[in-house]
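J.: Got a structure for you, questions after.
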Amino acid sequence: MSYNRIELPPAIWRDIMRHALSDETVEVCGLLTGAFRLDGKGSERHEVAVIKEFIPITNIFPDPAIFFKMDPYEQKVVFDRIGVDIKAVVGCFHTHPFGLGIPSELDRLSINEDYSWLIYGGQDNKIQAWWPEIKERPCDSCCSQPEECKEVIIEKRFRGALLKEKRIE
Amino acid sequence: MEERMVKVKIVSARGHDVLDLTVDDALSEIKRQARDNSKWIFMDDELVSDIDSLTHERVGNANSIMLSNQLVGG
């Protein structure tokens, strides 16, 4: 099932932007909660992440100007709410106050299929959303006998989109 | 004597899985998840910062064990 749509209501957009601009000297971050909805038919069937709430999380990284690490206790409070008063965490947000809203090398390692990553870039004052497409394929070159090799190569590619207030595709 | 079992909760964006494991298996799984998947480990709601210090006794006596993703980036 592909997951490549996001619905972002204007009020939540404003919450995110307000937080992004609350401190433009460090990376700020947070989680987006909501639910997944199925849209489309047949091969066009896909999931839409419907965002209902933005929850700011403290960045505890020692050098917060260039990296972020979400406070584990604040993060736990949000994850503990899944199944209680929220259905799912559908997105992870952080800022690049001095750059563009594209994933850094560390972001690319961290991004997984669970949810999209929304990144605000201070350079152009825009938010972009990113989600990975992870594919597995058999080894073809990692050793001298690829036909007998049991290794699986995991390819991670990224798709991104500029975020507009209500909906992106 | 019946072997003691512990529950290990692994949370994800859409919910959680609960594993029923022996204490030995739980200790191995916790260390593996922390090492290979960079998980945060919470035992009785306290973050475990030194995974190598985890003991069979501590895992066996924990009332709750929860593993969640570290969210880091740059």
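A note on labels: chains of the structure tokens are A, B, ... as shown, every chain counts residues from 1, and ligands are counted from 1 in their shown order.
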For chain B, list the residues within 9 Å of chain A, counting only C-alpha atoms, and write the list as a PyMOL selection string.
T.: chain B and resi 11-16+40+42+45-47+68+70-74
J.: Residues as selected, N, CA and C atoms, written as a PDB file, in the first residue's frame, can you do that?
T.:
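File result-v3.pdb, as written:
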ATOM      1  N   VAL B  11       6.611   0.027  20.358  1.00  0.00           N
ATOM      2  CA  VAL B  11       5.640   0.966  19.798  1.00  0.00           C
ATOM      3  C   VAL B  11       6.072   1.431  18.422  1.00  0.00           C
ATOM      4  N   SER B  12       5.081   1.685  17.597  1.00  0.00           N
ATOM      5  CA  SER B  12       5.333   2.264  16.276  1.00  0.00           C
ATOM      6  C   SER B  12       4.307   3.354  16.057  1.00  0.00           C
ATOM      7  N   ALA B  13       4.379   3.965  14.896  1.00  0.00           N
ATOM      8  CA  ALA B  13       3.508   5.101  14.619  1.00  0.00           C
ATOM      9  C   ALA B  13       2.031   4.727  14.650  1.00  0.00           C
ATOM     10  N   ARG B  14       1.726   3.452  14.362  1.00  0.00           N
ATOM     11  CA  ARG B  14       0.318   3.051  14.252  1.00  0.00           C
ATOM     12  C   ARG B  14      -0.159   2.200  15.413  1.00  0.00           C
ATOM     13  N   GLY B  15       0.633   2.062  16.420  1.00  0.00           N
ATOM     14  CA  GLY B  15       0.200   1.254  17.551  1.00  0.00           C
ATOM     15  C   GLY B  15       1.383   0.574  18.201  1.00  0.00           C
ATOM     16  N   HIS B  16       1.148  -0.624  18.660  1.00  0.00           N
ATOM     17  CA  HIS B  16       2.262  -1.321  19.280  1.00  0.00           C
ATOM     18  C   HIS B  16       2.071  -2.838  19.190  1.00  0.00           C
ATOM     19  N   TRP B  40      14.849   3.663  21.807  1.00  0.00           N
ATOM     20  CA  TRP B  40      14.842   4.085  23.196  1.00  0.00           C
ATOM     21  C   TRP B  40      14.294   2.913  24.014  1.00  0.00           C
ATOM     22  N   PHE B  42      12.542   2.044  27.626  1.00  0.00           N
ATOM     23  CA  PHE B  42      11.940   2.522  28.874  1.00  0.00           C
ATOM     24  C   PHE B  42      11.596   1.316  29.744  1.00  0.00           C
ATOM     25  N   ASP B  45       8.850   3.180  33.024  1.00  0.00           N
ATOM     26  CA  ASP B  45       8.750   4.581  32.601  1.00  0.00           C
ATOM     27  C   ASP B  45      10.048   5.372  32.727  1.00  0.00           C
ATOM     28  N   GLU B  46      11.144   4.714  33.042  1.00  0.00           N
ATOM     29  CA  GLU B  46      12.440   5.398  33.109  1.00  0.00           C
ATOM     30  C   GLU B  46      13.282   4.994  31.894  1.00  0.00           C
ATOM     31  N   LEU B  47      13.930   6.002  31.274  1.00  0.00           N
ATOM     32  CA  LEU B  47      14.781   5.726  30.124  1.00  0.00           C
ATOM     33  C   LEU B  47      16.053   5.006  30.583  1.00  0.00           C
ATOM     34  N   SER B  68      10.847   2.299  21.837  1.00  0.00           N
ATOM     35  CA  SER B  68      10.318   3.186  20.786  1.00  0.00           C
ATOM     36  C   SER B  68      11.462   3.762  19.974  1.00  0.00           C
ATOM     37  N   GLN B  70      14.068   6.169  18.258  1.00  0.00           N
ATOM     38  CA  GLN B  70      14.693   7.466  18.506  1.00  0.00           C
ATOM     39  C   GLN B  70      14.436   8.320  17.269  1.00  0.00           C
ATOM     40  N   LEU B  71      13.952   9.508  17.470  1.00  0.00           N
ATOM     41  CA  LEU B  71      13.740  10.392  16.327  1.00  0.00           C
ATOM     42  C   LEU B  71      14.842  11.433  16.316  1.00  0.00           C
ATOM     43  N   VAL B  72      15.783  11.243  15.405  1.00  0.00           N
ATOM     44  CA  VAL B  72      16.943  12.131  15.294  1.00  0.00           C
ATOM     45  C   VAL B  72      17.141  12.520  13.836  1.00  0.00           C
ATOM     46  N   GLY B  73      17.745  13.644  13.627  1.00  0.00           N
ATOM     47  CA  GLY B  73      18.035  14.089  12.276  1.00  0.00           C
ATOM     48  C   GLY B  73      18.890  15.334  12.318  1.00  0.00           C
ATOM     49  N   GLY B  74      19.050  15.928  11.161  1.00  0.00           N
ATOM     50  CA  GLY B  74      19.917  17.109  11.141  1.00  0.00           C
ATOM     51  C   GLY B  74      19.477  18.093  10.091  1.00  0.00           C
TER      52      GLY B  74
END
J.: Assign secondary structure with DSSP using the backbone only, and return the residues of chain B in strand (DSSP E or B) as a PyMOL selection string.
T.: chain B and resi 5-12+15-22+39-43+46-47+65-69+72-73
J.: So which residues of region 73-106 of chain A fall under helix (DSSP H, G or I) by DSSP, listed as a list in words?
T.: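 Matching residues for helix (DSSP H, G or I) in region 73-106 of chain A are Tyr73, Glu74, Gln75, Lys76, Val77, Val78, Phe79, Asp80, Glu105 and Leu106 of chain A.
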J.: Please write the residues from the selection above to a file, keeping C-alpha atoms, as a CSV table (one decimal), in the first residue's frame.
T.:
chain,number,residue,atom,x,y,z
A,73,TYR,CA,10.0,11.4,27.5
A,74,GLU,CA,7.9,13.9,25.6
A,75,GLN,CA,8.0,11.5,22.6
A,76,LYS,CA,6.8,8.6,24.9
A,77,VAL,CA,3.9,10.7,26.1
A,78,VAL,CA,2.7,11.0,22.6
A,79,PHE,CA,3.2,7.3,21.7
A,80,ASP,CA,1.4,6.3,24.9
A,105,GLU,CA,22.2,12.8,5.2
A,106,LEU,CA,21.2,12.0,8.8
J.: Write out as an mmCIF file with N, CA and C atoms, in the first residue's frame which residues come within 12 Å of Lys135 (chain A) when counting only C-alpha atoms, dropping same-chain ones fewer than 2 positions away.
T.:
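Generated output (result_9.cif):
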data_model
loop_
_atom_site.group_PDB
_atom_site.id
_atom_site.type_symbol
_atom_site.label_atom_id
_atom_site.label_comp_id
_atom_site.auth_asym_id
_atom_site.auth_seq_id
_atom_site.Cartn_x
_atom_site.Cartn_y
_atom_site.Cartn_z
ATOM 1 N N GLU A 113 9.400 4.090 6.910
ATOM 2 C CA GLU A 113 8.101 4.041 6.224
ATOM 3 C C GLU A 113 6.930 4.359 7.137
ATOM 4 N N PRO A 132 9.693 7.864 2.223
ATOM 5 C CA PRO A 132 10.595 6.956 1.509
ATOM 6 C C PRO A 132 9.845 5.872 0.764
ATOM 7 N N GLU A 133 10.451 5.394 -0.279
ATOM 8 C CA GLU A 133 9.979 4.179 -0.949
ATOM 9 C C GLU A 133 11.099 3.169 -0.770
ATOM 10 N N ARG A 137 15.870 -5.926 -3.194
ATOM 11 C CA ARG A 137 16.195 -6.701 -4.399
ATOM 12 C C ARG A 137 17.343 -7.647 -4.062
ATOM 13 N N PRO A 138 17.457 -8.749 -4.820
ATOM 14 C CA PRO A 138 18.556 -9.670 -4.541
ATOM 15 C C PRO A 138 19.895 -9.023 -4.862
ATOM 16 N N VAL A 152 20.310 -9.477 0.662
ATOM 17 C CA VAL A 152 19.264 -8.662 0.041
ATOM 18 C C VAL A 152 19.698 -7.204 0.132
ATOM 19 N N ILE A 153 19.598 -6.526 -0.988
ATOM 20 C CA ILE A 153 19.971 -5.113 -1.005
ATOM 21 C C ILE A 153 18.708 -4.283 -0.756
ATOM 22 N N ILE A 154 18.798 -3.397 0.197
ATOM 23 C CA ILE A 154 17.648 -2.534 0.491
ATOM 24 C C ILE A 154 17.907 -1.155 -0.115
ATOM 25 N N GLU A 155 17.026 -0.779 -1.002
ATOM 26 C CA GLU A 155 17.164 0.528 -1.636
ATOM 27 C C GLU A 155 16.148 1.482 -1.028
ATOM 28 N N LYS A 156 16.602 2.633 -0.657
ATOM 29 C CA LYS A 156 15.715 3.634 -0.071
ATOM 30 C C LYS A 156 15.746 4.872 -0.964
ATOM 31 N N ARG A 157 14.640 5.163 -1.559
ATOM 32 C CA ARG A 157 14.542 6.370 -2.378
ATOM 33 C C ARG A 157 13.567 7.324 -1.720
ATOM 34 N N PHE A 158 13.661 8.573 -2.077
ATOM 35 C CA PHE A 158 12.817 9.570 -1.428
ATOM 36 C C PHE A 158 11.985 10.333 -2.438
#
J.: What does the distance between CA of Ile30 (chain B) and CA of Leu67 (chain B) come to in Å, to one decimal place?
T.: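 Between CA of Ile30 (chain B) and CA of Leu67 (chain B) the gap is 7.8 Å.
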J.: Got a sec: who's within 9 Å of Ile12 (chain A), counting only C-alpha atoms, leaving out chain neighbours fewer than 3 positions off, as a list in words?
T.: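 Selected residues are Leu8, Pro9, Asp15, Ile16, Met17, Ile51, Lys52, Glu53, Phe54 and Glu165 of chain A.
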